[in-house]
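coords-v5.pdb (PDB, C-alpha atoms)
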ATOM      1  CA  GLY A   1     -45.193  -4.639  26.435
ATOM      2  CA  SER A   2     -47.421  -6.473  28.940
ATOM      3  CA  LEU A   3     -48.039  -9.340  26.497
ATOM      4  CA  SER A   4     -44.318  -9.732  25.910
ATOM      5  CA  ARG A   5     -43.644  -9.844  29.663
ATOM      6  CA  ALA A   6     -46.430 -12.377  30.192
ATOM      7  CA  ALA A   7     -44.985 -14.608  27.447
ATOM      8  CA  ARG A   8     -41.556 -14.346  29.028
ATOM      9  CA  LEU A   9     -42.895 -15.385  32.427
ATOM     10  CA  ALA A  10     -44.770 -18.293  30.807
ATOM     11  CA  GLY A  11     -41.683 -19.452  28.956
ATOM     12  CA  VAL A  12     -43.275 -18.825  25.533
ATOM     13  CA  PRO A  13     -40.793 -17.833  22.786
ATOM     14  CA  ARG A  14     -41.257 -14.235  21.633
ATOM     15  CA  VAL A  15     -40.653 -12.898  18.119
ATOM     16  CA  SER A  16     -40.889  -9.164  17.478
ATOM     17  CA  VAL A  17     -41.941  -7.948  14.032
ATOM     18  CA  ASP A  18     -41.732  -4.174  13.639
ATOM     19  CA  HIS A  19     -39.798  -1.205  12.322
ATOM     20  CA  GLN A  20     -38.849   0.532  15.562
ATOM     21  CA  ARG A  21     -36.485  -2.202  16.693
ATOM     22  CA  PHE A  22     -33.897  -1.003  14.165
ATOM     23  CA  LEU A  23     -33.067   1.513  16.907
ATOM     24  CA  VAL A  24     -31.857  -1.391  19.056
ATOM     25  CA  GLU A  25     -30.498  -3.919  16.580
ATOM     26  CA  CYS A  26     -28.717  -1.790  13.959
ATOM     27  CA  ASP A  27     -25.362  -0.060  13.936
ATOM     28  CA  LEU A  28     -26.315   3.599  13.569
ATOM     29  CA  SER A  29     -22.785   5.011  13.735
ATOM     30  CA  SER A  30     -23.165   6.549  10.256
ATOM     31  CA  LEU A  31     -25.808   8.971  11.540
ATOM     32  CA  PRO A  32     -24.883  12.574  12.353
ATOM     33  CA  ALA A  33     -24.104  13.039  16.040
ATOM     34  CA  HIS A  34     -27.395  14.720  16.958
ATOM     35  CA  LEU A  35     -29.403  11.916  15.356
ATOM     36  CA  ARG A  36     -27.266   9.249  17.062
ATOM     37  CA  ARG A  37     -28.183  10.814  20.403
ATOM     38  CA  HIS A  38     -31.870  10.811  19.580
ATOM     39  CA  ALA A  39     -31.693   7.239  18.264
ATOM     40  CA  ALA A  40     -30.034   6.104  21.498
ATOM     41  CA  ALA A  41     -32.749   7.779  23.579
ATOM     42  CA  MET A  42     -35.541   6.259  21.464
ATOM     43  CA  GLY A  43     -33.821   2.870  21.707
ATOM     44  CA  VAL A  44     -34.094   3.010  25.501
ATOM     45  CA  ILE A  45     -37.855   3.489  25.157
ATOM     46  CA  VAL A  46     -38.131   0.562  22.707
ATOM     47  CA  ARG A  47     -36.302  -1.708  25.159
ATOM     48  CA  ALA A  48     -38.539  -0.576  28.025
ATOM     49  CA  VAL A  49     -41.754  -1.194  26.091
ATOM     50  CA  GLN A  50     -40.596  -4.459  24.551
ATOM     51  CA  PRO A  51     -38.119  -6.532  26.612
ATOM     52  CA  GLU A  52     -35.573  -8.385  24.510
ATOM     53  CA  PRO A  53     -37.366 -10.972  22.346
ATOM     54  CA  ASP A  54     -35.970 -14.356  21.382
ATOM     55  CA  ALA A  55     -35.871 -13.273  17.736
ATOM     56  CA  SER A  56     -36.543 -10.067  15.805
ATOM     57  CA  VAL A  57     -37.740  -9.271  12.307
ATOM     58  CA  VAL A  58     -36.857  -5.654  11.531
ATOM     59  CA  SER A  59     -38.904  -4.158   8.710
ATOM     60  CA  SER A  60     -37.411  -1.108   6.990
ATOM     61  CA  PHE A  61     -36.771   0.276   3.516
ATOM     62  CA  TYR A  62     -33.073   0.485   4.423
ATOM     63  CA  ALA A  63     -30.766  -2.037   6.053
ATOM     64  CA  PRO A  64     -27.869  -0.565   8.040
ATOM     65  CA  PRO A  65     -25.390  -3.122   9.396
ATOM     66  CA  LEU A  66     -26.539  -5.099  12.407
ATOM     67  CA  LYS A  67     -24.750  -4.799  15.687
ATOM     68  CA  ASP A  68     -22.355  -7.600  16.556
ATOM     69  CA  THR A  69     -24.625  -9.477  18.947
ATOM     70  CA  ARG A  70     -25.764 -13.053  19.389
ATOM     71  CA  ARG A  71     -29.434 -12.154  18.996
ATOM     72  CA  ASP A  72     -31.414 -13.716  16.156
ATOM     73  CA  VAL A  73     -32.243 -10.742  13.943
ATOM     74  CA  ARG A  74     -33.536 -10.734  10.358
ATOM     75  CA  GLN A  75     -33.830  -7.631   8.210
ATOM     76  CA  VAL A  76     -36.620  -7.379   5.651
ATOM     77  CA  GLY A  77     -38.074  -4.592   3.529
ATOM     78  CA  VAL A  78     -41.350  -2.864   4.304
ATOM     79  CA  PHE A  79     -44.433  -5.068   4.338
ATOM     80  CA  LEU A  80     -46.208  -4.333   1.071
ATOM     81  CA  ARG A  81     -49.971  -4.296   0.706
ATOM     82  CA  GLN A  82     -51.498  -6.496  -1.970
ATOM     83  CA  ALA A  83     -52.641  -3.361  -3.785
ATOM     84  CA  VAL A  84     -49.015  -2.212  -4.091
ATOM     85  CA  LEU A  85     -47.789  -5.664  -5.111
ATOM     86  CA  SER A  86     -50.436  -5.793  -7.840
ATOM     87  CA  ALA A  87     -49.834  -2.258  -9.121
ATOM     88  CA  ARG A  88     -48.223  -1.750 -12.521
ATOM     89  CA  PRO A  89     -45.795   1.209 -12.459
ATOM     90  CA  GLU A  90     -46.063   3.736 -15.267
ATOM     91  CA  ALA A  91     -44.270   7.036 -15.852
ATOM     92  CA  GLY A  92     -47.090   9.568 -15.753
ATOM     93  CA  GLU A  93     -47.085  13.370 -15.829
ATOM     94  CA  HIS A  94     -48.160  14.180 -12.283
ATOM     95  CA  LEU A  95     -46.130  14.690  -9.139
ATOM     96  CA  LEU A  96     -47.641  12.821  -6.187
ATOM     97  CA  VAL A  97     -47.528  14.870  -2.993
ATOM     98  CA  TYR A  98     -48.174  13.437   0.447
ATOM     99  CA  CYS A  99     -48.065  15.797   3.393
ATOM    100  CA  ARG A 100     -49.831  16.457   6.651
ATOM    101  CA  ARG A 101     -50.837  19.753   8.178
ATOM    102  CA  VAL A 102     -47.459  20.650   9.703
ATOM    103  CA  GLY A 103     -45.501  22.453   6.992
ATOM    104  CA  CYS A 104     -48.005  21.638   4.251
ATOM    105  CA  GLU A 105     -48.630  25.258   3.208
ATOM    106  CA  ARG A 106     -44.995  25.809   2.278
ATOM    107  CA  ILE A 107     -44.943  22.576   0.277
ATOM    108  CA  LEU A 108     -48.157  23.513  -1.545
ATOM    109  CA  ASP A 109     -46.896  27.025  -2.293
ATOM    110  CA  VAL A 110     -43.675  25.657  -3.797
ATOM    111  CA  VAL A 111     -45.473  23.066  -5.936
ATOM    112  CA  GLU A 112     -48.037  25.625  -7.138
ATOM    113  CA  ARG A 113     -45.364  28.219  -8.026
ATOM    114  CA  ALA A 114     -43.375  25.565  -9.875
ATOM    115  CA  GLY A 115     -46.399  24.997 -12.133
ATOM    116  CA  VAL A 116     -46.108  21.232 -11.756
ATOM    117  CA  PRO A 117     -49.243  19.086 -12.241
ATOM    118  CA  ALA A 118     -49.674  17.519  -8.830
ATOM    119  CA  LEU A 119     -52.058  15.273  -6.908
ATOM    120  CA  VAL A 120     -52.077  15.869  -3.161
ATOM    121  CA  TYR A 121     -53.007  13.344  -0.471
ATOM    122  CA  GLY A 122     -53.152  13.788   3.279
ATOM    123  CA  LEU A 123     -55.168  17.004   3.476
ATOM    124  CA  GLY A 124     -58.560  15.844   2.236
ATOM    125  CA  GLU A 125     -60.535  17.416  -0.583
ATOM    126  CA  ARG A 126     -59.970  21.121  -1.253
ATOM    127  CA  PRO A 127     -60.457  23.453  -4.204
ATOM    128  CA  SER A 128     -57.697  23.120  -6.811
ATOM    129  CA  ARG A 129     -54.770  25.541  -6.707
ATOM    130  CA  GLY A 130     -53.578  26.015 -10.276
ATOM    131  CA  ALA A 131     -52.275  22.642 -11.436
ATOM    132  CA  VAL A 132     -52.477  21.259  -7.891
ATOM    133  CA  ARG A 133     -55.449  18.997  -7.202
ATOM    134  CA  PHE A 134     -56.448  17.464  -3.881
ATOM    135  CA  ARG A 135     -57.506  13.851  -3.551
ATOM    136  CA  PRO A 136     -59.804  12.333  -0.890
ATOM    137  CA  LEU A 137     -58.614   9.476   1.294
ATOM    138  CA  SER A 138     -58.677   6.319  -0.824
ATOM    139  CA  GLU A 139     -56.315   3.360  -0.679
ATOM    140  CA  ARG A 140     -57.104   2.303  -4.223
ATOM    141  CA  GLY A 141     -56.816   5.832  -5.582
ATOM    142  CA  PHE A 142     -53.591   6.520  -3.733
ATOM    143  CA  VAL A 143     -51.863   3.348  -4.902
ATOM    144  CA  HIS A 144     -52.949   4.025  -8.502
ATOM    145  CA  ASP A 145     -51.687   7.613  -8.364
ATOM    146  CA  LEU A 146     -48.420   6.487  -6.766
ATOM    147  CA  ALA A 147     -47.865   3.801  -9.391
ATOM    148  CA  THR A 148     -48.486   6.249 -12.246
ATOM    149  CA  CYS A 149     -46.719   9.356 -10.947
ATOM    150  CA  ARG A 150     -43.510  10.827 -12.352
ATOM    151  CA  ALA A 151     -42.100  11.290  -8.839
ATOM    152  CA  LEU A 152     -43.048  11.464  -5.161
ATOM    153  CA  LEU A 153     -42.718  14.480  -2.868
ATOM    154  CA  SER A 154     -43.572  13.419   0.659
ATOM    155  CA  THR A 155     -42.798  13.294   4.324
ATOM    156  CA  ALA A 156     -40.209  10.683   5.292
ATOM    157  CA  GLY A 157     -42.312   7.898   6.756
ATOM    158  CA  ASN A 158     -40.794   4.423   6.444
ATOM    159  CA  GLN A 159     -43.808   2.713   4.843
ATOM    160  CA  LEU A 160     -44.477   5.182   2.041
ATOM    161  CA  LEU A 161     -40.800   5.468   1.135
ATOM    162  CA  GLY A 162     -40.589   1.675   0.915
ATOM    163  CA  GLU A 163     -43.669   1.473  -1.316
ATOM    164  CA  ALA A 164     -42.354   4.189  -3.645
ATOM    165  CA  LEU A 165     -38.984   2.461  -3.921
ATOM    166  CA  HIS A 166     -40.710  -0.829  -4.711
ATOM    167  CA  LEU A 167     -42.541   0.916  -7.571
ATOM    168  CA  GLY A 168     -39.326   2.537  -8.808
ATOM    169  CA  LYS A 169     -40.391   6.124  -8.182
ATOM    170  CA  PRO A 170     -37.947   9.030  -7.695
ATOM    171  CA  ILE A 171     -38.370  10.450  -4.187
ATOM    172  CA  LEU A 172     -37.872  13.873  -2.654
ATOM    173  CA  ALA A 173     -38.439  13.424   1.076
ATOM    174  CA  ILE A 174     -39.124  16.318   3.459
ATOM    175  CA  PRO A 175     -38.958  15.098   7.094
ATOM    176  CA  GLU A 176     -41.630  16.551   9.345
ATOM    177  CA  GLN A 177     -40.090  19.175  11.593
ATOM    178  CA  GLY A 178     -39.144  17.730  14.978
ATOM    179  CA  ASN A 179     -39.748  14.131  13.866
ATOM    180  CA  ARG A 180     -36.375  12.496  14.546
ATOM    181  CA  GLU A 181     -37.376   9.097  13.184
ATOM    182  CA  GLN A 182     -38.234  10.725   9.853
ATOM    183  CA  GLU A 183     -34.916  12.571   9.900
ATOM    184  CA  ILE A 184     -33.171   9.222  10.348
ATOM    185  CA  ASN A 185     -35.204   7.752   7.475
ATOM    186  CA  ALA A 186     -34.251  10.709   5.282
ATOM    187  CA  HIS A 187     -30.569  10.277   6.123
ATOM    188  CA  PHE A 188     -30.570   6.636   5.032
ATOM    189  CA  LEU A 189     -32.641   7.405   1.924
ATOM    190  CA  GLU A 190     -30.064   9.904   0.711
ATOM    191  CA  GLN A 191     -27.108   7.800   1.869
ATOM    192  CA  SER A 192     -28.395   4.896  -0.218
ATOM    193  CA  GLY A 193     -28.672   7.063  -3.321
ATOM    194  CA  ALA A 194     -32.294   5.977  -3.749
ATOM    195  CA  GLY A 195     -33.727   9.451  -3.248
ATOM    196  CA  ARG A 196     -33.118  13.032  -2.222
ATOM    197  CA  THR A 197     -34.027  14.885   0.936
ATOM    198  CA  ALA A 198     -34.317  18.474   2.068
ATOM    199  CA  ARG A 199     -35.427  20.291   5.167
ATOM    200  CA  LEU A 200     -38.720  22.132   4.874
ATOM    201  CA  GLN A 201     -37.033  25.530   4.951
ATOM    202  CA  GLU A 202     -34.725  24.465   2.099
ATOM    203  CA  LEU A 203     -37.563  23.523  -0.231
ATOM    204  CA  GLY A 204     -38.090  25.996  -3.082
ATOM    205  CA  THR A 205     -39.062  26.004  -6.742
ATOM    206  CA  THR A 206     -35.439  25.778  -7.886
ATOM    207  CA  LEU A 207     -34.805  22.684  -5.773
ATOM    208  CA  LEU A 208     -38.060  21.047  -6.878
ATOM    209  CA  ARG A 209     -37.473  21.719 -10.574
ATOM    210  CA  ASP A 210     -33.908  20.457 -10.300
ATOM    211  CA  PHE A 211     -35.121  17.272  -8.614
ATOM    212  CA  LEU A 212     -37.707  16.655 -11.337
ATOM    213  CA  SER A 213     -35.305  17.379 -14.189
ATOM    214  CA  THR A 214     -32.646  15.010 -12.841
ATOM    215  CA  SER A 215     -35.248  12.300 -12.163
ATOM    216  CA  GLU A 216     -36.439  12.016 -15.747
TER     217      GLU A 216
END
File written out as structure tokens:
Amino acid sequence: GSLSRAARLAGVPRVSVDHQRFLVECDLSSLPAHLRRHAAAMGVIVRAVQPEPDASVVSSFYAPPLKDTRRDVRQVGVFLRQAVLSARPEAGEHLLVYCRRVGCERILDVVERAGVPALVYGLGERPSRGAVRFRPLSERGFVHDLATCRALLSTAGNQLLGEALHLGKPILAIPEQGNREQEINAHFLEQSGAGRTARLQELGTTLLRDFLSTSE
């Protein structure tokens, strides 16, 4: 924010490159009413932190229509790491699970009861639970396991969803509870037909098995 203001005062052109500015530049009228309200409130914060730039590059796995403004705005996909660009997708047997501590126990219980071979990232190393194995933090290992998984079950972060879509992986996204940005991501994922979403309390073995059977 301070750098942007200093550039403005110095007369230096400013270009923003980020994801959050979709809250300002995109037409979000297709969102449910409660998410439109949250998006509007978050957009106010984005404007306060980053005064209007001369041009914007909005990075996102989805591309809702832009607002009818005279601003110079370009929409691009997520910025892919070289490891992802170099990965060779294969249809493996394992489900890749990415979750963090909030809500993770329910996700793990469902995956374990479903009897699905799964590799879990985000929780560190733990003893295996049936066919569920836990992986340590590793960029190389994660990208390999993502590229070779049968499907992804994860939170609804913009970057991971974009990487999975690039690799052609079926996605079941579970937004973190209370995370409105992830709820917005999940809405656009399902609206695009590129993946499925469910709230944490909706996730069960029947839903997971149905997702996997229809993704084959």
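Taking CA of Ala91 in chain A and CA of Leu208 in chain A as endpoints, the distance between them is 17.8 Å.
Shortest atom-to-atom contact with Asn179 in chain A among A:Ala131, A:Ala156, A:Val46, A:Ala63: A:Ala156, counting all atoms listed in the file.
For Glu125 in chain A, the residues within 12 Å (counting all atoms listed in the file, excluding itself and residues fewer than 3 positions away along the chain) are Leu119, Val120, Tyr121, Gly122, Ser128, Arg129, Val132, Arg133, Phe134, Arg135, Pro136, Leu137 and Ser138 of chain A.
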Q. Mind telling me what the PyMOL selection byres ((chain A and resi 32-44) around 9) catches here, as a VMD selection string?
A. chain A and resid 20 to 24 28 to 31 45 to 49 180 to 181 183 to 184 187
Using the chain letters and numbers from this file, what does the PyMOL selection byres ((chain A and resi 110) around 12) select? Give the answer as a compact mmCIF listing (two decimals) with C-alpha atoms, in the frame of the given file.
# COMPACT_ATOMS: atom_id res chain seq x y z
CA VAL A 97 -47.53 14.87 -2.99
CA GLY A 103 -45.50 22.45 6.99
CA CYS A 104 -48.00 21.64 4.25
CA GLU A 105 -48.63 25.26 3.21
CA ARG A 106 -45.00 25.81 2.28
CA ILE A 107 -44.94 22.58 0.28
CA LEU A 108 -48.16 23.51 -1.54
CA ASP A 109 -46.90 27.02 -2.29
CA VAL A 111 -45.47 23.07 -5.94
CA GLU A 112 -48.04 25.62 -7.14
CA ARG A 113 -45.36 28.22 -8.03
CA ALA A 114 -43.38 25.56 -9.88
CA GLY A 115 -46.40 25.00 -12.13
CA VAL A 116 -46.11 21.23 -11.76
CA ALA A 118 -49.67 17.52 -8.83
CA ARG A 129 -54.77 25.54 -6.71
CA GLY A 130 -53.58 26.02 -10.28
CA ALA A 131 -52.28 22.64 -11.44
CA VAL A 132 -52.48 21.26 -7.89
CA LEU A 153 -42.72 14.48 -2.87
CA LEU A 200 -38.72 22.13 4.87
CA GLN A 201 -37.03 25.53 4.95
CA GLU A 202 -34.72 24.46 2.10
CA LEU A 203 -37.56 23.52 -0.23
CA GLY A 204 -38.09 26.00 -3.08
CA THR A 205 -39.06 26.00 -6.74
CA THR A 206 -35.44 25.78 -7.89
CA LEU A 207 -34.80 22.68 -5.77
CA LEU A 208 -38.06 21.05 -6.88
CA ARG A 209 -37.47 21.72 -10.57
Q: Work out how far apart CA of Ala151 in chain A and CA of Leu96 in chain A are and give it in Å to one decimal.
A: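 Pair CA of Ala151 in chain A / CA of Leu96 in chain A returns 6.3 Å.
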Q: Given the file shown, enumerate the residues that the PyMOL selection byres ((chain A and resi 71-85) around 10) captures and present them as a ChimeraX atom specification.
A: /A:15-19,21-22,25-26,52-70,86-89,139-140,142-144,146-147,158-164,166-167
Selected residues, C-alpha atoms, written as a JSON list (two decimals), keeping the file's coordinate frame, please.
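Final output, saved to result-v6.json:
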[["chain", "number", "residue", "atom", "x", "y", "z"],
["A", 15, "VAL", "CA", -40.65, -12.90, 18.12],
["A", 16, "SER", "CA", -40.89, -9.16, 17.48],
["A", 17, "VAL", "CA", -41.94, -7.95, 14.03],
["A", 18, "ASP", "CA", -41.73, -4.17, 13.64],
["A", 19, "HIS", "CA", -39.80, -1.20, 12.32],
["A", 21, "ARG", "CA", -36.48, -2.20, 16.69],
["A", 22, "PHE", "CA", -33.90, -1.00, 14.16],
["A", 25, "GLU", "CA", -30.50, -3.92, 16.58],
["A", 26, "CYS", "CA", -28.72, -1.79, 13.96],
["A", 52, "GLU", "CA", -35.57, -8.38, 24.51],
["A", 53, "PRO", "CA", -37.37, -10.97, 22.35],
["A", 54, "ASP", "CA", -35.97, -14.36, 21.38],
["A", 55, "ALA", "CA", -35.87, -13.27, 17.74],
["A", 56, "SER", "CA", -36.54, -10.07, 15.80],
["A", 57, "VAL", "CA", -37.74, -9.27, 12.31],
["A", 58, "VAL", "CA", -36.86, -5.65, 11.53],
["A", 59, "SER", "CA", -38.90, -4.16, 8.71],
["A", 60, "SER", "CA", -37.41, -1.11, 6.99],
["A", 61, "PHE", "CA", -36.77, 0.28, 3.52],
["A", 62, "TYR", "CA", -33.07, 0.48, 4.42],
["A", 63, "ALA", "CA", -30.77, -2.04, 6.05],
["A", 64, "PRO", "CA", -27.87, -0.56, 8.04],
["A", 65, "PRO", "CA", -25.39, -3.12, 9.40],
["A", 66, "LEU", "CA", -26.54, -5.10, 12.41],
["A", 67, "LYS", "CA", -24.75, -4.80, 15.69],
["A", 68, "ASP", "CA", -22.36, -7.60, 16.56],
["A", 69, "THR", "CA", -24.62, -9.48, 18.95],
["A", 70, "ARG", "CA", -25.76, -13.05, 19.39],
["A", 86, "SER", "CA", -50.44, -5.79, -7.84],
["A", 87, "ALA", "CA", -49.83, -2.26, -9.12],
["A", 88, "ARG", "CA", -48.22, -1.75, -12.52],
["A", 89, "PRO", "CA", -45.80, 1.21, -12.46],
["A", 139, "GLU", "CA", -56.32, 3.36, -0.68],
["A", 140, "ARG", "CA", -57.10, 2.30, -4.22],
["A", 142, "PHE", "CA", -53.59, 6.52, -3.73],
["A", 143, "VAL", "CA", -51.86, 3.35, -4.90],
["A", 144, "HIS", "CA", -52.95, 4.03, -8.50],
["A", 146, "LEU", "CA", -48.42, 6.49, -6.77],
["A", 147, "ALA", "CA", -47.86, 3.80, -9.39],
["A", 158, "ASN", "CA", -40.79, 4.42, 6.44],
["A", 159, "GLN", "CA", -43.81, 2.71, 4.84],
["A", 160, "LEU", "CA", -44.48, 5.18, 2.04],
["A", 161, "LEU", "CA", -40.80, 5.47, 1.14],
["A", 162, "GLY", "CA", -40.59, 1.68, 0.92],
["A", 163, "GLU", "CA", -43.67, 1.47, -1.32],
["A", 164, "ALA", "CA", -42.35, 4.19, -3.64],
["A", 166, "HIS", "CA", -40.71, -0.83, -4.71],
["A", 167, "LEU", "CA", -42.54, 0.92, -7.57]]
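Minimum atom-to-atom distance to Ser213 in chain A, evaluated using all atoms listed in the file, belongs to A:Arg150 out of A:Gly157, A:Cys99, A:Arg150, A:Gln182.
CA of Gly178 in chain A is found 23.1 Å from CA of Ala194 in chain A.
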Atom completion result for range 67-92 of chain A (N, CA and C atoms) as a JSON list (two decimals), keeping the file's coordinate frame:
[["chain", "number", "residue", "atom", "x", "y", "z"],
["A", 67, "LYS", "N", -25.75, -4.78, 14.63],
["A", 67, "LYS", "CA", -24.75, -4.80, 15.69],
["A", 67, "LYS", "C", -24.19, -6.21, 15.83],
["A", 68, "ASP", "N", -23.00, -6.31, 16.36],
["A", 68, "ASP", "CA", -22.36, -7.60, 16.56],
["A", 68, "ASP", "C", -22.86, -8.22, 17.86],
["A", 69, "THR", "N", -24.03, -8.84, 17.78],
["A", 69, "THR", "CA", -24.62, -9.48, 18.95],
["A", 69, "THR", "C", -24.97, -10.91, 18.60],
["A", 70, "ARG", "N", -25.36, -11.66, 19.60],
["A", 70, "ARG", "CA", -25.76, -13.05, 19.39],
["A", 70, "ARG", "C", -27.26, -13.20, 19.22],
["A", 71, "ARG", "N", -27.98, -12.09, 19.17],
["A", 71, "ARG", "CA", -29.43, -12.15, 19.00],
["A", 71, "ARG", "C", -29.78, -12.60, 17.58],
["A", 72, "ASP", "N", -30.91, -13.25, 17.46],
["A", 72, "ASP", "CA", -31.41, -13.72, 16.16],
["A", 72, "ASP", "C", -32.22, -12.58, 15.53],
["A", 73, "VAL", "N", -31.61, -11.91, 14.56],
["A", 73, "VAL", "CA", -32.24, -10.74, 13.94],
["A", 73, "VAL", "C", -32.26, -10.92, 12.43],
["A", 74, "ARG", "N", -33.41, -10.68, 11.81],
["A", 74, "ARG", "CA", -33.54, -10.73, 10.36],
["A", 74, "ARG", "C", -34.03, -9.37, 9.86],
["A", 75, "GLN", "N", -33.41, -8.89, 8.82],
["A", 75, "GLN", "CA", -33.83, -7.63, 8.21],
["A", 75, "GLN", "C", -34.64, -7.91, 6.94],
["A", 76, "VAL", "N", -35.79, -7.25, 6.84],
["A", 76, "VAL", "CA", -36.62, -7.38, 5.65],
["A", 76, "VAL", "C", -37.06, -5.98, 5.22],
["A", 77, "GLY", "N", -37.55, -5.87, 3.99],
["A", 77, "GLY", "CA", -38.07, -4.59, 3.53],
["A", 77, "GLY", "C", -39.41, -4.28, 4.18],
["A", 78, "VAL", "N", -40.04, -3.20, 3.75],
["A", 78, "VAL", "CA", -41.35, -2.86, 4.30],
["A", 78, "VAL", "C", -42.36, -3.92, 3.87],
["A", 79, "PHE", "N", -43.39, -4.11, 4.67],
["A", 79, "PHE", "CA", -44.43, -5.07, 4.34],
["A", 79, "PHE", "C", -45.40, -4.41, 3.35],
["A", 80, "LEU", "N", -45.45, -4.95, 2.14],
["A", 80, "LEU", "CA", -46.21, -4.33, 1.07],
["A", 80, "LEU", "C", -47.64, -4.85, 1.02],
["A", 81, "ARG", "N", -48.57, -3.93, 0.88],
["A", 81, "ARG", "CA", -49.97, -4.30, 0.71],
["A", 81, "ARG", "C", -50.17, -4.99, -0.64],
["A", 82, "GLN", "N", -51.21, -5.81, -0.72],
["A", 82, "GLN", "CA", -51.50, -6.50, -1.97],
["A", 82, "GLN", "C", -51.74, -5.50, -3.09],
["A", 83, "ALA", "N", -52.37, -4.37, -2.76],
["A", 83, "ALA", "CA", -52.64, -3.36, -3.78],
["A", 83, "ALA", "C", -51.35, -2.84, -4.40],
["A", 84, "VAL", "N", -50.30, -2.68, -3.59],
["A", 84, "VAL", "CA", -49.02, -2.21, -4.09],
["A", 84, "VAL", "C", -48.33, -3.31, -4.90],
["A", 85, "LEU", "N", -48.40, -4.54, -4.40],
["A", 85, "LEU", "CA", -47.79, -5.66, -5.11],
["A", 85, "LEU", "C", -48.43, -5.88, -6.48],
["A", 86, "SER", "N", -49.72, -5.57, -6.58],
["A", 86, "SER", "CA", -50.44, -5.79, -7.84],
["A", 86, "SER", "C", -50.34, -4.61, -8.80],
["A", 87, "ALA", "N", -49.86, -3.48, -8.31],
["A", 87, "ALA", "CA", -49.83, -2.26, -9.12],
["A", 87, "ALA", "C", -48.81, -2.37, -10.25],
["A", 88, "ARG", "N", -49.12, -1.77, -11.38],
["A", 88, "ARG", "CA", -48.22, -1.75, -12.52],
["A", 88, "ARG", "C", -47.65, -0.34, -12.68],
["A", 89, "PRO", "N", -46.38, -0.14, -12.38],
["A", 89, "PRO", "CA", -45.80, 1.21, -12.46],
["A", 89, "PRO", "C", -45.79, 1.75, -13.88],
["A", 90, "GLU", "N", -46.13, 3.02, -14.00],
["A", 90, "GLU", "CA", -46.06, 3.74, -15.27],
["A", 90, "GLU", "C", -45.47, 5.11, -14.99],
["A", 91, "ALA", "N", -44.83, 5.69, -15.99],
["A", 91, "ALA", "CA", -44.27, 7.04, -15.85],
["A", 91, "ALA", "C", -45.29, 8.05, -16.32],
["A", 92, "GLY", "N", -46.07, 8.59, -15.40],
["A", 92, "GLY", "CA", -47.09, 9.57, -15.75],
["A", 92, "GLY", "C", -46.55, 10.99, -15.74]]
